[in-house]
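entry35.cif (mmCIF, C-alpha atoms and all ligand atoms) appears below.
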```
data_model
loop_
_atom_site.label_atom_id
_atom_site.label_comp_id
_atom_site.auth_asym_id
_atom_site.auth_seq_id
_atom_site.Cartn_x
_atom_site.Cartn_y
_atom_site.Cartn_z
CA MET P 1 0.00 0.00 0.00
CA TYR P 2 1.11 3.54 -0.81
CA ALA P 3 0.03 6.59 1.22
CA ILE P 4 -0.30 9.81 -0.78
CA LEU P 5 -0.42 13.18 0.98
CA GLY P 6 -2.09 15.98 -0.98
CA ALA P 7 -3.92 13.47 -3.18
CA THR P 8 -6.44 16.08 -4.33
CA GLY P 9 -3.68 18.49 -5.40
CA ASN P 10 -1.67 19.10 -8.58
CA THR P 11 0.99 16.46 -8.08
CA GLY P 12 -0.57 14.06 -5.54
CA SER P 13 -3.61 13.45 -7.75
CA VAL P 14 -1.34 12.28 -10.57
CA VAL P 15 0.66 10.06 -8.21
CA ALA P 16 -2.52 8.47 -6.83
CA ARG P 17 -4.11 7.92 -10.27
CA ARG P 18 -1.01 6.35 -11.75
CA LEU P 19 -0.50 3.97 -8.85
CA LEU P 20 -4.19 2.98 -9.00
CA ASP P 21 -3.86 2.43 -12.76
CA LYS P 22 -1.00 0.02 -12.02
CA GLY P 23 -3.33 -1.95 -9.72
CA LYS P 24 -1.59 -0.82 -6.52
CA LYS P 25 -3.33 -0.36 -3.19
CA VAL P 26 -3.43 3.38 -2.51
CA ARG P 27 -4.41 5.41 0.56
CA VAL P 28 -5.34 8.90 -0.59
CA MET P 29 -5.01 11.73 1.92
CA GLY P 30 -6.40 15.24 2.17
CA ARG P 31 -8.65 17.12 4.57
CA ASP P 32 -11.99 16.33 3.00
CA ASN P 33 -13.44 12.86 2.37
CA LYS P 34 -15.82 14.30 -0.25
CA LYS P 35 -12.90 15.54 -2.36
CA LEU P 36 -11.21 12.14 -2.00
CA ALA P 37 -14.34 10.24 -3.13
CA PRO P 38 -13.42 10.06 -6.87
CA PHE P 39 -10.33 8.04 -5.92
CA VAL P 40 -12.40 5.73 -3.72
CA SER P 41 -14.57 4.87 -6.73
CA GLN P 42 -11.31 3.83 -8.42
CA GLY P 43 -10.45 1.51 -5.53
CA ALA P 44 -8.46 3.78 -3.21
CA ASP P 45 -8.85 3.98 0.53
CA ALA P 46 -9.56 7.56 1.72
CA PHE P 47 -7.97 8.92 4.87
CA ALA P 48 -8.92 12.48 5.80
CA ALA P 49 -6.50 14.14 8.22
CA ASP P 50 -4.89 17.48 8.82
CA VAL P 51 -1.19 17.34 8.10
CA LEU P 52 -0.47 18.70 11.58
CA ASP P 53 -2.27 15.74 13.20
CA THR P 54 0.78 13.52 13.69
CA ASP P 55 -1.13 10.62 15.26
CA ALA P 56 -3.55 10.47 12.35
CA LEU P 57 -0.69 10.68 9.84
CA SER P 58 1.18 7.85 11.54
CA ARG P 59 -1.96 5.67 11.42
CA ALA P 60 -2.36 6.52 7.73
CA PHE P 61 1.30 5.72 7.00
CA ALA P 62 1.31 2.43 8.96
CA GLY P 63 2.02 -0.48 6.63
CA ALA P 64 2.80 1.72 3.61
CA GLU P 65 5.60 0.45 1.38
CA GLY P 66 6.01 4.01 0.17
CA VAL P 67 4.75 7.51 1.04
CA TYR P 68 4.42 10.63 -1.13
CA ALA P 69 4.89 13.69 1.06
CA LEU P 70 4.59 17.41 0.52
CA ILE P 71 4.10 20.57 2.54
CA PRO P 72 0.73 22.01 1.49
CA PRO P 73 0.77 25.68 0.50
CA ALA P 74 -1.09 27.95 2.95
CA MET P 75 -1.17 31.34 1.31
CA THR P 76 -3.02 33.28 4.00
CA LEU P 77 -0.97 32.43 7.10
CA PRO P 78 0.84 35.23 8.97
CA ASP P 79 3.99 33.08 9.39
CA PHE P 80 4.22 30.51 6.61
CA ARG P 81 7.82 29.51 7.38
CA ALA P 82 6.87 28.53 10.94
CA TYR P 83 3.95 26.52 9.52
CA GLN P 84 6.25 24.70 7.10
CA ASP P 85 8.55 23.66 9.95
CA GLN P 86 5.56 22.42 12.00
CA VAL P 87 4.31 20.38 9.04
CA THR P 88 7.78 18.92 8.49
CA GLU P 89 7.98 17.94 12.17
CA SER P 90 4.55 16.30 11.99
CA ILE P 91 5.36 14.34 8.82
CA ALA P 92 8.80 13.33 10.13
CA ASN P 93 7.42 12.09 13.46
CA ALA P 94 4.63 10.19 11.69
CA LEU P 95 7.05 8.52 9.25
CA GLU P 96 9.26 7.54 12.17
CA LYS P 97 6.40 6.24 14.29
CA ALA P 98 4.95 4.22 11.41
CA GLY P 99 8.38 2.78 10.54
CA VAL P 100 8.12 3.88 6.90
CA THR P 101 11.19 2.86 4.85
CA HIS P 102 10.63 4.84 1.61
CA VAL P 103 9.36 8.38 1.05
CA VAL P 104 9.30 10.53 -2.07
CA THR P 105 8.98 14.22 -1.25
CA LEU P 106 8.12 17.30 -3.29
CA SER P 107 10.98 19.73 -2.86
CA SER P 108 12.29 22.49 -5.12
CA PHE P 109 15.33 23.66 -6.98
CA GLY P 110 17.12 25.96 -4.53
CA ALA P 111 16.53 23.58 -1.61
CA ASP P 112 20.31 23.24 -1.32
CA LYS P 113 20.32 26.75 0.24
CA ALA P 114 19.58 27.24 3.96
CA ASP P 115 18.37 30.85 3.69
CA LYS P 116 17.20 33.77 1.52
CA THR P 117 14.99 31.67 -0.81
CA GLY P 118 11.60 32.42 0.78
CA PRO P 119 9.32 29.35 1.01
CA VAL P 120 12.08 27.11 -0.38
CA VAL P 121 13.92 27.41 2.96
CA GLY P 122 11.10 25.28 4.39
CA LEU P 123 11.82 22.61 1.78
CA HIS P 124 15.55 22.73 2.61
CA ASN P 125 14.61 22.15 6.27
CA MET P 126 12.25 19.32 5.30
CA GLU P 127 15.02 17.52 3.40
CA LYS P 128 17.40 17.96 6.35
CA ARG P 129 14.86 16.81 8.96
CA LEU P 130 13.88 13.66 7.05
CA GLY P 131 17.58 12.94 6.65
CA GLN P 132 17.80 12.51 10.41
CA ILE P 133 15.39 9.57 10.45
CA LYS P 134 17.22 6.27 10.87
CA GLY P 135 16.29 3.63 8.32
CA LEU P 136 14.35 6.02 6.09
CA ASN P 137 15.21 6.10 2.38
CA ALA P 138 14.14 9.44 0.94
CA LEU P 139 14.04 10.76 -2.61
CA HIS P 140 13.55 14.53 -2.66
CA LEU P 141 12.25 15.70 -6.04
CA ARG P 142 13.65 19.19 -6.53
CA ALA P 143 11.10 20.51 -8.98
CA GLY P 144 11.49 23.57 -11.17
CA TYR P 145 9.14 26.56 -11.37
CA PHE P 146 5.56 25.33 -11.82
CA MET P 147 3.94 26.28 -15.15
CA GLU P 148 0.74 26.44 -13.07
CA ASN P 149 2.13 29.58 -11.35
CA THR P 150 1.21 31.44 -14.56
CA LEU P 151 -2.49 30.70 -13.96
CA ALA P 152 -2.39 33.60 -11.46
CA GLN P 153 -1.88 35.85 -14.50
CA ILE P 154 -5.41 35.20 -15.79
CA GLY P 155 -7.01 37.79 -13.51
CA ILE P 156 -4.23 40.29 -14.30
CA ILE P 157 -4.72 39.85 -18.06
CA GLN P 158 -8.47 40.13 -17.70
CA SER P 159 -8.26 43.25 -15.50
CA PHE P 160 -5.24 45.08 -16.96
CA GLY P 161 -4.55 43.50 -20.37
CA MET P 162 -0.99 42.56 -19.41
CA MET P 163 1.03 40.07 -17.37
CA ALA P 164 3.10 41.16 -14.36
CA GLY P 165 5.21 39.73 -11.56
CA PRO P 166 8.41 40.00 -9.56
CA VAL P 167 10.65 38.05 -11.98
CA PRO P 168 12.38 40.01 -14.80
CA ALA P 169 11.06 39.25 -18.29
CA ASP P 170 14.35 37.77 -19.49
CA VAL P 171 15.30 35.41 -16.65
CA LEU P 172 15.34 31.77 -17.77
CA LEU P 173 13.23 29.53 -15.55
CA PRO P 174 13.15 25.71 -15.51
CA MET P 175 9.35 25.68 -15.98
CA ILE P 176 7.69 22.32 -15.34
CA ALA P 177 4.14 21.04 -15.61
CA THR P 178 3.05 19.59 -12.27
CA ARG P 179 1.65 16.47 -13.92
CA ASP P 180 5.23 15.55 -14.93
CA ILE P 181 6.26 15.76 -11.26
CA GLY P 182 3.43 13.39 -10.38
CA VAL P 183 4.57 10.97 -13.07
CA ALA P 184 8.19 11.05 -11.82
CA ALA P 185 7.06 10.55 -8.21
CA SER P 186 4.81 7.61 -9.11
CA GLU P 187 7.61 5.94 -11.06
CA ALA P 188 10.02 6.35 -8.14
CA LEU P 189 7.39 4.88 -5.80
CA LEU P 190 6.84 1.91 -8.09
CA ARG P 191 10.59 1.23 -8.32
CA LEU P 192 11.45 1.99 -4.67
CA ASP P 193 15.08 1.68 -5.71
CA PHE P 194 16.48 4.71 -3.82
CA GLU P 195 18.61 4.27 -0.74
CA GLY P 196 19.65 6.77 1.93
CA GLN P 197 19.01 10.44 1.13
CA LYS P 198 18.77 11.30 -2.56
CA THR P 199 17.79 14.42 -4.46
CA GLN P 200 16.68 14.61 -8.05
CA GLU P 201 15.98 17.78 -10.00
CA LEU P 202 13.02 17.93 -12.42
CA LEU P 203 13.42 20.85 -14.79
CA GLY P 204 10.71 20.75 -17.46
CA PRO P 205 11.51 20.29 -21.16
CA ARG P 206 13.60 23.51 -21.45
CA ASP P 207 14.13 26.84 -19.72
CA VAL P 208 11.53 29.52 -20.51
CA THR P 209 11.49 33.27 -19.74
CA TYR P 210 8.37 35.19 -18.72
CA ALA P 211 8.75 37.13 -22.00
CA GLU P 212 8.47 33.90 -23.99
CA ALA P 213 5.72 32.50 -21.76
CA THR P 214 3.78 35.73 -22.35
CA ARG P 215 4.15 35.42 -26.15
CA ILE P 216 2.92 31.79 -26.04
CA ILE P 217 -0.03 32.72 -23.83
CA GLY P 218 -0.81 35.83 -25.91
CA ARG P 219 -1.00 33.81 -29.13
CA ALA P 220 -3.16 31.11 -27.52
CA ILE P 221 -5.71 33.53 -26.05
CA GLY P 222 -5.90 35.62 -29.21
CA LYS P 223 -4.16 38.65 -27.66
CA PRO P 224 -0.71 38.52 -29.27
CA ALA P 225 0.15 42.06 -28.08
CA VAL P 226 -0.13 41.20 -24.37
CA ALA P 227 3.13 42.20 -22.62
CA TYR P 228 4.85 41.23 -19.36
CA ILE P 229 6.24 43.78 -16.94
CA GLN P 230 8.36 43.23 -13.84
CA LEU P 231 6.87 44.97 -10.82
CA PRO P 232 8.80 46.33 -7.84
CA ASP P 233 8.37 44.24 -4.65
CA GLU P 234 6.06 46.77 -2.96
CA GLN P 235 3.62 46.62 -5.88
CA VAL P 236 3.78 42.81 -5.95
CA ILE P 237 3.03 42.70 -2.23
CA GLN P 238 0.16 45.16 -2.62
CA ALA P 239 -1.33 43.15 -5.51
CA MET P 240 -0.95 39.83 -3.69
CA THR P 241 -2.42 41.07 -0.41
CA GLY P 242 -5.28 42.49 -2.50
CA MET P 243 -5.87 38.91 -3.70
CA GLY P 244 -6.09 37.65 -0.09
CA ILE P 245 -2.50 36.36 0.20
CA SER P 246 -0.86 37.24 3.54
CA ARG P 247 1.78 39.97 3.57
CA ASN P 248 4.24 37.42 4.98
CA MET P 249 3.66 35.00 2.09
CA ALA P 250 3.92 37.81 -0.48
CA GLN P 251 7.25 38.89 1.09
CA LEU P 252 8.53 35.29 0.96
CA ILE P 253 7.59 35.06 -2.73
CA CYS P 254 9.50 38.32 -3.38
CA GLU P 255 12.51 36.93 -1.50
CA MET P 256 12.42 33.78 -3.64
CA SER P 257 12.09 35.81 -6.83
CA ALA P 258 15.11 37.93 -5.85
CA ALA P 259 17.06 34.73 -5.25
CA ILE P 260 16.10 33.44 -8.72
CA ASN P 261 16.82 36.82 -10.34
CA SER P 262 20.32 37.03 -8.83
CA GLY P 263 21.17 33.42 -9.75
CA TYR P 264 21.55 32.47 -6.06
CA MET P 265 18.65 30.01 -6.41
CA LYS P 266 19.28 27.85 -9.44
CA PRO P 267 19.34 24.23 -10.57
CA LEU P 268 22.56 22.45 -9.74
CA GLU P 269 22.38 19.58 -12.23
CA PRO P 270 23.25 20.03 -15.91
CA ARG P 271 20.24 19.22 -18.10
CA SER P 272 19.97 15.50 -18.83
CA THR P 273 17.35 12.97 -19.86
CA ALA P 274 16.90 12.16 -16.15
CA ASN P 275 15.86 15.71 -15.14
CA THR P 276 14.12 16.80 -18.36
CA THR P 277 10.35 16.25 -18.39
CA PRO P 278 8.08 16.09 -21.47
CA THR P 279 5.21 18.60 -21.17
CA SER P 280 6.04 21.80 -23.06
CA PHE P 281 4.78 25.23 -22.03
CA GLU P 282 2.76 25.31 -25.27
CA THR P 283 1.00 22.06 -24.30
CA PHE P 284 0.37 23.34 -20.77
CA VAL P 285 -1.20 26.49 -22.21
CA GLU P 286 -3.46 24.52 -24.59
CA ASP P 287 -4.50 21.95 -21.97
CA GLN P 288 -4.82 24.08 -18.86
CA PHE P 289 -4.24 27.80 -19.26
CA LEU P 290 -6.64 28.29 -22.15
CA PRO P 291 -9.59 26.40 -20.61
CA ALA P 292 -9.01 28.25 -17.32
CA PHE P 293 -8.78 31.58 -19.18
CA LYS P 294 -12.06 30.84 -20.92
CA GLY P 295 -13.57 30.01 -17.54
CA GLN P 296 -13.99 26.36 -18.35
CA ALA P 297 -13.12 23.53 -16.00
CA VAL P 298 -9.88 21.81 -17.05
CA GLY P 299 -10.73 18.63 -18.91
CA ALA P 300 -14.32 19.80 -19.50
N1 LIG X 401 4.87 26.67 -7.16
C1 LIG X 401 6.08 26.28 -7.50
O1 LIG X 401 6.67 26.78 -8.47
C2 LIG X 401 6.75 25.17 -6.72
C3 LIG X 401 8.00 24.70 -7.13
C4 LIG X 401 8.61 23.65 -6.42
C5 LIG X 401 7.96 23.10 -5.32
N2 LIG X 401 6.75 23.59 -4.93
C6 LIG X 401 6.08 22.96 -3.78
O2 LIG X 401 4.97 22.23 -4.22
C7 LIG X 401 4.13 21.97 -3.08
C8 LIG X 401 2.67 22.02 -3.51
O3 LIG X 401 2.40 20.87 -4.28
P1 LIG X 401 1.06 20.70 -5.16
O4 LIG X 401 1.02 21.85 -6.14
O5 LIG X 401 1.00 19.33 -5.65
O6 LIG X 401 -0.06 20.94 -4.05
P2 LIG X 401 -1.49 21.62 -4.22
O7 LIG X 401 -2.05 21.37 -5.58
O8 LIG X 401 -1.43 23.02 -3.71
O9 LIG X 401 -2.34 20.75 -3.21
C9 LIG X 401 -2.17 20.76 -1.82
C10 LIG X 401 -2.70 19.44 -1.30
O10 LIG X 401 -2.53 19.41 0.12
C11 LIG X 401 -3.79 19.16 0.75
N3 LIG X 401 -3.82 19.95 1.96
C12 LIG X 401 -3.87 21.31 2.07
N4 LIG X 401 -3.83 21.67 3.35
C13 LIG X 401 -3.78 20.53 4.09
C14 LIG X 401 -3.74 20.25 5.47
N5 LIG X 401 -3.73 21.24 6.37
N6 LIG X 401 -3.71 18.97 5.87
C15 LIG X 401 -3.72 17.95 4.96
N7 LIG X 401 -3.74 18.15 3.62
C16 LIG X 401 -3.78 19.43 3.20
C17 LIG X 401 -4.84 19.59 -0.26
O11 LIG X 401 -5.98 18.80 -0.06
P3 LIG X 401 -7.41 19.32 0.42
O12 LIG X 401 -7.51 20.78 0.02
O13 LIG X 401 -8.33 18.42 -0.33
O14 LIG X 401 -7.40 19.11 1.88
C18 LIG X 401 -4.18 19.23 -1.58
O15 LIG X 401 -4.38 17.87 -1.88
C19 LIG X 401 4.53 22.99 -2.02
O16 LIG X 401 5.23 22.34 -0.99
C20 LIG X 401 5.47 23.93 -2.78
O17 LIG X 401 6.45 24.49 -1.94
C21 LIG X 401 6.12 24.59 -5.61
#
```

Now, as a test, write the supplied structure out as structure tokens.
Ligand SMILES: NC(=O)c1ccc[n+]([C@@H]2O[C@H](COP(=O)([O-])OP(=O)(O)OC[C@H]3O[C@@H](n4cnc5c(N)ncnc54)[C@H](OP(=O)(O)O)[C@@H]3O)[C@@H](O)[C@H]2O)c1
Amino acid sequence: MYAILGATGNTGSVVARRLLDKGKKVRVMGRDNKKLAPFVSQGADAFAADVLDTDALSRAFAGAEGVYALIPPAMTLPDFRAYQDQVTESIANALEKAGVTHVVTLSSFGADKADKTGPVVGLHNMEKRLGQIKGLNALHLRAGYFMENTLAQIGIIQSFGMMAGPVPADVLLPMIATRDIGVAASEALLRLDFEGQKTQELLGPRDVTYAEATRIIGRAIGKPAVAYIQLPDEQVIQAMTGMGISRNMAQLICEMSAAINSGYMKPLEPRSTANTTPTSFETFVEDQFLPAFKGQAVGA
């Protein structure tokens, strides 16, 4: 049996589906049984628990041959970094208590750095904390910049006719579709061939700038003249808090963007077949951005 945290999310849903498709026993986890129900109709066992409930997590992990673990985003909290460390502690204690031998985690490029990378510091700490667990084999997937981050641009395009953010237009980003992370995680869980503490970067098919992403989006939505502008941090923070994101989270995102912009936060591995994933930004835009832009449900 495999236990999948965040099974209703971007990556966990792909991990759960693929393991179920392979005929594996899967325990899907999230906070809401109703949202987990579609997996139950495919044969999964649903386990609703808050990630901070260590006892519940350890019961859910008990007997699992492999666990998929992530720190859920919580965009409105006043101290997201503290929350990340609490979640890490809860997951680590539950893995230990349940005697889990193999975990695949969702980490990020930049997790090699202990500071100045915003939310990625929490993923650095997660990798370090899990590394202290005796007998645990961990594979930390250091994913690139999610293509799904650009979905936040839909409201900006619709309101202002442009795209905007804290990253300069010409900075190359290893943009990855989250479904490719789910595929890589499910394959690692099926193989269970990692030992000790391992990291693996996942970098998308190629590096893409916001300028190029904007051209691809502009063409797809029939607004080829749409432009991208980099905003100063204060304006980013104002815009994000206006969208209901906490000031703390907005500041952390600005810190991460500055780390990317300066080259401090960057992939460490040269591109290879092992860290290159298939879904192109063009495909992501056709399959997800465009339906979301048109207000349709993805897959509808
Ligand atoms: N954005 C990026 O560019 C980027 C890059 C690298 C790494 N990352 C990392 O990717 C991770 C997010 O992964 P994702 O996109 O797959 O997740 P996601 O789509 O945001 O989904 C979060 C999942 O966690 C569950 N969840 C939320 N709060 C919970 C709680 N308190 N207790 C239990 N479950 C909870 C949600 O389920 P319910 O809502 O159903 O409860 C959902 O299944 C983060 O750790 C982030 O740091 C992001």

Kindly provide, as lines of an AutoDock Vina configuration file, the centre and edge lengths (Å, one decimal) of an axis-aligned box around all atoms of range 259-268 of chain P given in the file, with 8 Å on each side.
```
center_x = 19.3
center_y = 29.7
center_z = -7.9
size_x = 22.5
size_y = 30.6
size_z = 21.3
```

**Complete:** Restricting to all atoms listed in the file, whichever of P:Ile237, P:Leu151, P:Met243, P:Ala185 is closest to Phe284 in chain P is P:Leu151

**Request:** Skip range 157-171 of chain P itself and residues of its chain fewer than 5 positions away, then list as a list in words all residues within 7 Å of it, counting only C-alpha atoms.
**Result:**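 Returned residues: Thr209, Tyr210, Ala211, Val226, Ala227, Tyr228, Ile229, Gln230, Leu231, Pro232, Asp233, Val236, Cys254, Ser257 and Asn261 of chain P.
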
**Fill in**
Using all atoms listed in the file, the best pick from P:Ala62, P:Leu106, P:Leu172, P:Ile217 as closest to Leu123 in chain P would be P:Leu106

If the limit is 6 Å from any atom of ligand LIG 401 (chain X), counting only C-alpha atoms and all ligand atoms, which residues qualify? Return them as a tab-separated table (two decimals) with C-alpha atoms, in the frame of the given file.
```tsv
chain	number	residue	atom	x	y	z
P	6	GLY	CA	-2.09	15.98	-0.98
P	7	ALA	CA	-3.92	13.47	-3.18
P	8	THR	CA	-6.44	16.08	-4.33
P	9	GLY	CA	-3.68	18.49	-5.40
P	10	ASN	CA	-1.67	19.10	-8.58
P	11	THR	CA	0.99	16.46	-8.08
P	12	GLY	CA	-0.57	14.06	-5.54
P	30	GLY	CA	-6.40	15.24	2.17
P	31	ARG	CA	-8.65	17.12	4.57
P	32	ASP	CA	-11.99	16.33	3.00
P	35	LYS	CA	-12.90	15.54	-2.36
P	49	ALA	CA	-6.50	14.14	8.22
P	50	ASP	CA	-4.89	17.48	8.82
P	51	VAL	CA	-1.19	17.34	8.10
P	70	LEU	CA	4.59	17.41	0.52
P	71	ILE	CA	4.10	20.57	2.54
P	72	PRO	CA	0.73	22.01	1.49
P	73	PRO	CA	0.77	25.68	0.50
P	106	LEU	CA	8.12	17.30	-3.29
P	107	SER	CA	10.98	19.73	-2.86
P	108	SER	CA	12.29	22.49	-5.12
P	143	ALA	CA	11.10	20.51	-8.98
P	144	GLY	CA	11.49	23.57	-11.17
P	145	TYR	CA	9.14	26.56	-11.37
P	146	PHE	CA	5.56	25.33	-11.82
P	149	ASN	CA	2.13	29.58	-11.35
```

**Request:** Give the answer as one residue: which of P:Leu57, P:Arg27, P:Lys34, P:Gln84 has the shortest atom-to-atom distance to Val120 in chain P, using only C-alpha atoms?
**Result:**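 Smallest distance to Val120 in chain P is found for P:Gln84.
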
Near Lys22 in chain P, counting only C-alpha atoms, which residues have an atom at most 12 Å away, once you skip same-chain residues fewer than 3 positions from it, shown as a compact mmCIF listing (two decimals) with C-alpha atoms, in the frame of the given file?
```txt
# COMPACT_ATOMS: atom_id res chain seq x y z
CA TYR P 2 1.11 3.54 -0.81
CA VAL P 15 0.66 10.06 -8.21
CA ALA P 16 -2.52 8.47 -6.83
CA ARG P 17 -4.11 7.92 -10.27
CA ARG P 18 -1.01 6.35 -11.75
CA LEU P 19 -0.50 3.97 -8.85
CA LYS P 25 -3.33 -0.36 -3.19
CA VAL P 26 -3.43 3.38 -2.51
CA GLN P 42 -11.31 3.83 -8.42
CA GLY P 43 -10.45 1.51 -5.53
CA SER P 186 4.81 7.61 -9.11
CA GLU P 187 7.61 5.94 -11.06
CA LEU P 189 7.39 4.88 -5.80
CA LEU P 190 6.84 1.91 -8.09
```

Residues within 9 Å of Val121 in chain P, please, as a compact mmCIF listing (two decimals) with C-alpha atoms, keeping the file's coordinate frame. Count all atoms listed in the file; anything in the same chain fewer than 6 positions from it doesn't count.
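Dumped everything to result.txt:
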```txt
# COMPACT_ATOMS: atom_id res chain seq x y z
CA ARG P 81 7.82 29.51 7.38
CA GLY P 110 17.12 25.96 -4.53
CA ALA P 111 16.53 23.58 -1.61
CA ASP P 112 20.31 23.24 -1.32
CA LYS P 113 20.32 26.75 0.24
CA ALA P 114 19.58 27.24 3.96
CA ASP P 115 18.37 30.85 3.69
```

**Asked** Restricting the calculation to only C-alpha atoms, which member of P:Met265, P:Val103, P:Ala152, P:Ala250 is positioned closest to Gln197 in chain P?
**Response**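 For Gln197 in chain P, the nearest of the given residues is P:Val103.
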
**Request:** Identify which of the residues P:Glu212, P:Thr277, P:Gln251, P:Leu95 lies closest to Gly63 in chain P, counting only C-alpha atoms when measuring atom-to-atom distances.
**Result:**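 Of P:Glu212, P:Thr277, P:Gln251, P:Leu95, the one nearest Gly63 in chain P is P:Leu95, counting only C-alpha atoms.
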
**Selection: 8 Å around Asn248 in chain P, all atoms listed in the file, excl. self and same-chain fewer than 2 positions, as a PyMOL selection string** = chain P and resi 77-80+246+250-252

**Request:** Work out how far apart CA of Leu52 in chain P and CA of Met126 in chain P are and give it in Å to one decimal.
**Result:**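 So the two atoms, CA of Leu52 in chain P and CA of Met126 in chain P, lie 14.2 Å apart.
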
**Request:** Find the residue from P:Pro119, P:Gly131, P:Ile221, P:Ala98 that sits nearest to Ala56 in chain P; use all atoms listed in the file when measuring.
**Result:**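 Of P:Pro119, P:Gly131, P:Ile221, P:Ala98, the one nearest Ala56 in chain P, counting all atoms listed in the file, is P:Ala98.
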
**Message:** Give me the residues near Ala220 in chain P as a list of chain:residue names, where near means some atom within 12 Å (using all atoms listed in the file) and where sequence neighbours in that chain fewer than 4 positions away do not count.
**Reply:**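 So, after excluding close chain neighbours, the residues are P:Ala213, P:Thr214, P:Arg215, P:Ile216, P:Pro224, P:Ala225, P:Val226, P:Phe281, P:Glu282, P:Thr283, P:Phe284, P:Val285, P:Glu286, P:Asp287, P:Gln288, P:Phe289, P:Leu290, P:Pro291, P:Phe293, P:Lys294.
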
File dump, residues just selected, C-alpha atoms, as an mmCIF file, keeping the file's coordinate frame:
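Output file result34.cif follows:
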```cif
data_model
loop_
_atom_site.group_PDB
_atom_site.id
_atom_site.type_symbol
_atom_site.label_atom_id
_atom_site.label_comp_id
_atom_site.auth_asym_id
_atom_site.auth_seq_id
_atom_site.Cartn_x
_atom_site.Cartn_y
_atom_site.Cartn_z
ATOM 1 C CA ALA P 213 5.720 32.500 -21.760
ATOM 2 C CA THR P 214 3.780 35.730 -22.350
ATOM 3 C CA ARG P 215 4.150 35.420 -26.150
ATOM 4 C CA ILE P 216 2.920 31.790 -26.040
ATOM 5 C CA PRO P 224 -0.710 38.520 -29.270
ATOM 6 C CA ALA P 225 0.150 42.060 -28.080
ATOM 7 C CA VAL P 226 -0.130 41.200 -24.370
ATOM 8 C CA PHE P 281 4.780 25.230 -22.030
ATOM 9 C CA GLU P 282 2.760 25.310 -25.270
ATOM 10 C CA THR P 283 1.000 22.060 -24.300
ATOM 11 C CA PHE P 284 0.370 23.340 -20.770
ATOM 12 C CA VAL P 285 -1.200 26.490 -22.210
ATOM 13 C CA GLU P 286 -3.460 24.520 -24.590
ATOM 14 C CA ASP P 287 -4.500 21.950 -21.970
ATOM 15 C CA GLN P 288 -4.820 24.080 -18.860
ATOM 16 C CA PHE P 289 -4.240 27.800 -19.260
ATOM 17 C CA LEU P 290 -6.640 28.290 -22.150
ATOM 18 C CA PRO P 291 -9.590 26.400 -20.610
ATOM 19 C CA PHE P 293 -8.780 31.580 -19.180
ATOM 20 C CA LYS P 294 -12.060 30.840 -20.920
#
```

**Request:** May I ask for the distance between CA of Glu195 in chain P and CA of Val104 in chain P, given in Å to one decimal place?
**Result:**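 Distance reported for this atom pair: 11.3 Å.
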
**Prompt:** What is the distance between CA of Phe194 in chain P and CA of Arg179 in chain P, in Å to one decimal?
**Reply:** 21.5 Å
